[in-house]
Structure formats: structure tokens, C-alpha cells
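Here's the structure, in C-alpha cells; my notes come after.
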Amino acid sequence: MTRFHHGTHYTVENARIYTLPDEPVPIYVSGFGPKAVQLAGRIGDGFICTMPDADLLRTFRETGGADKPTQAGMKVCYAPTEVQAVATAYRIWPNEHLPGELAQVLPTPRHFEQAAELVTPEMVADALPCGPDPDPYIEAVHSYVDAGFDEIYVQQIGPDQDAFFDFWQHKVQVGIGAARVSG
């Protein structure tokens with residue numbers, strides 16, 4: 001099939017994918033409220049959520065997602081101290097903590113900058129695992145496991161990815177395994 005696109009910033013003519021996959025690519029649908037989750041159950045090949053909400057997962061399963069895969073995503077910020085981690089997360093990703101649906105309706109980056117002024121470092125510290133203590137990370141992972149999610153994806157906020165992966169491997173992953181054995 002040949003595609004044409006004449007847009008404001010570029011024009012594409014005769015675009016074509018030459019090596020199509022044998023099967024269609026699965027489409028996972030994200031949802032945070034009952035209507036979106038019901039839609040995900042009906043039309044999605046899987047479900048994605050950023051809240052460890054067992055009720056949303058149950059809604060997905062009951063509305064067509066019975067044996068479809070589910071994925072969860074959570075943000076964290078590792079740093080040598082909790083103060084450094086909170087400061088990094090607050091500086092780089094304050095919009096994660098905007099109230100209600102505000103982050104879904106803001107039209108421009110400038111609006112996000114303005115709304116981010118509503119966020120405080122204390123809100124960041126309360127909302128996500130920050131710093132060198134593995135226990136909040138382990139608890140967060142278990143909240144998604146307990147809710148029933150199949151896979152959990154973790155995003156490190158901040159530039160020191162190598163230190164984060166070392167921390168995760170030697171402190172968090174070990175703690176998750178220990179908790180699973182003892183729990």
C-alpha cells in the first residue's frame with residue numbers, strides 16, 4: 001500500500017514498509033479510569049497502567065482482557081541521599097505529580113511549566129521511591145505484584161543510570177527475592 005502525507009513540516013510520498021511482520025504487532029492500551037480500562041479490555045491486546053490498582057486490573061480482566069498480558073510502569077529516583085534524589089526528581093519530572101487530570105489536558109510546554117509550580121519537593125518525596133534505601137522500591141514493586149500485574153517496568157529519573165542499575169541489582173532485586181522467599 002502506498003502512503004502520501006502532505007503536512008506542515010514534511011511531505012512523504014510512496015512510503016512503504018517492505019518487511020511486514022508475520023503477525024500484527026500487539027497493541028497494548030493504557031487506562032486510568034473505568035471507561036478507558038473497559039475499552040482496553042475490549043480492544044487491546046494487553047493493558048498498561050501506572051497505578052497498582054487491583055480494581056482497574058479486575059475491570060480489564062472482566063471486560064475482555066481475561067488472559068491478556070498486563071504491564072505496570074513506575075518511576076523512581078535513586079541517588080546517594082534521599083535529599084539528592086528528591087531534588088533530582090523534582091527538577092526533572094515535576095509534572096508526574098500534577099493533581100487530577102491536569103497533565104492530560106495541558107496544551108503546551110509553557111502550561112506544564114506553570115502547572116509544575118503547584119508541585120512541591122514534599123509531594124515528590126511522598127509519591128515515589130527516592131534515595132538509597134531499597135525498602136520503598138521493594139514495597140512499590142510488591143504493590144504491583146499484589147495487584148496482579150504480569151510485568152513491571154521501572155524508570156529511573158536522573159542522569160546516573162549506572163549507579164541506579166548497580167543499586168537495583170545489588171539491593172532492590174536481592175530484597176525482592178528475599179521478600180518473596182520469606183513472604
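Just so we're on the same page: first chain in the C-alpha cells is A, next is B, and so on; residues restart at 1 for each chain, and ligands are numbered from 1 in the order they show up.
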DSSP strand (DSSP E or B) selection over chain A, as a VMD selection string:
chain A and resid 3 to 6 11 to 15 28 to 30 46 to 49 70 to 77 130 151 to 156
Write out the residues from the selection above, keeping C-alpha atoms, as a PDB file, in the first residue's frame.
```pdb
ATOM      1  CA  ARG A   3       1.043   6.286   1.507  1.00  0.00           C
ATOM      2  CA  PHE A   4       1.124  10.013   0.957  1.00  0.00           C
ATOM      3  CA  HIS A   5       1.338  12.668   3.638  1.00  0.00           C
ATOM      4  CA  HIS A   6       1.488  16.381   2.926  1.00  0.00           C
ATOM      5  CA  THR A  11       5.889  15.543   2.954  1.00  0.00           C
ATOM      6  CA  VAL A  12       6.068  11.797   2.498  1.00  0.00           C
ATOM      7  CA  GLU A  13       5.361  10.167  -0.823  1.00  0.00           C
ATOM      8  CA  ASN A  14       5.422   6.483  -1.657  1.00  0.00           C
ATOM      9  CA  ALA A  15       6.118   5.381   1.925  1.00  0.00           C
ATOM     10  CA  TYR A  28      -1.498  -2.524  24.498  1.00  0.00           C
ATOM     11  CA  VAL A  29      -3.917   0.119  25.745  1.00  0.00           C
ATOM     12  CA  SER A  30      -3.249   2.353  28.732  1.00  0.00           C
ATOM     13  CA  GLY A  46      -2.845  -6.005  26.600  1.00  0.00           C
ATOM     14  CA  PHE A  47      -3.182  -3.386  29.339  1.00  0.00           C
ATOM     15  CA  ILE A  48      -0.755  -0.784  30.709  1.00  0.00           C
ATOM     16  CA  CYS A  49      -1.174   1.200  33.920  1.00  0.00           C
ATOM     17  CA  THR A  70      -0.770  -6.607  31.772  1.00  0.00           C
ATOM     18  CA  GLN A  71       2.107  -4.214  32.325  1.00  0.00           C
ATOM     19  CA  ALA A  72       2.729  -1.625  35.001  1.00  0.00           C
ATOM     20  CA  GLY A  73       5.144   1.269  34.969  1.00  0.00           C
ATOM     21  CA  MET A  74       6.604   3.156  37.893  1.00  0.00           C
ATOM     22  CA  LYS A  75       9.098   5.963  38.279  1.00  0.00           C
ATOM     23  CA  VAL A  76      11.852   6.041  40.888  1.00  0.00           C
ATOM     24  CA  CYS A  77      14.867   8.207  41.620  1.00  0.00           C
ATOM     25  CA  CYS A 130      13.728   8.218  46.230  1.00  0.00           C
ATOM     26  CA  GLU A 151       5.220  -7.239  34.194  1.00  0.00           C
ATOM     27  CA  ILE A 152       6.586  -4.141  35.917  1.00  0.00           C
ATOM     28  CA  TYR A 153       8.726  -1.533  34.188  1.00  0.00           C
ATOM     29  CA  VAL A 154      10.823   0.851  36.252  1.00  0.00           C
ATOM     30  CA  GLN A 155      12.040   4.252  35.050  1.00  0.00           C
ATOM     31  CA  GLN A 156      14.969   5.883  36.817  1.00  0.00           C
TER      32      GLN A 156
END
```
Write out as a count of residues only the set of residues from stretch 4-173 of chain A that DSSP, computed on the backbone, places in helix (DSSP H, G or I). 83
| field | Interatomic distance (Å, one decimal) between atom CA of A:Pro99 and atom CA of A:Leu128 | value |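 Interatomic distance here is 14.8 Å.
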### Query
How many Å lie between atom CA of A:Ser143 and atom CA of A:Gly33, rounded to one decimal?
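If I compute the distance from atom CA of A:Ser143 to atom CA of A:Gly33, I get 18.5 Å.
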Q | A:Gly44, A:Pro26, A:Gly148, A:Gly100 ranked by distance to A:Leu57, top pick (using only C-alpha atoms) | A |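 Residue with the minimum atom-to-atom distance to A:Leu57: A:Gly148.
Atom to atom, atom CA of A:Arg91 and atom CA of A:Gly175 stand 28.6 Å apart.
Nearest residue to A:Val172 among A:Asp146, A:Asp135, A:Asp160, A:Asp55 is A:Asp135, counting only C-alpha atoms.
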**Q.** Contacts of A:Glu96 at 12 Å (only C-alpha atoms; same-chain gap of 6+ positions) as a PyMOL selection string
**A.** chain A and resi 50+74-76+89-90+102-104+112+115-116+118-121+123-125+127-128+157
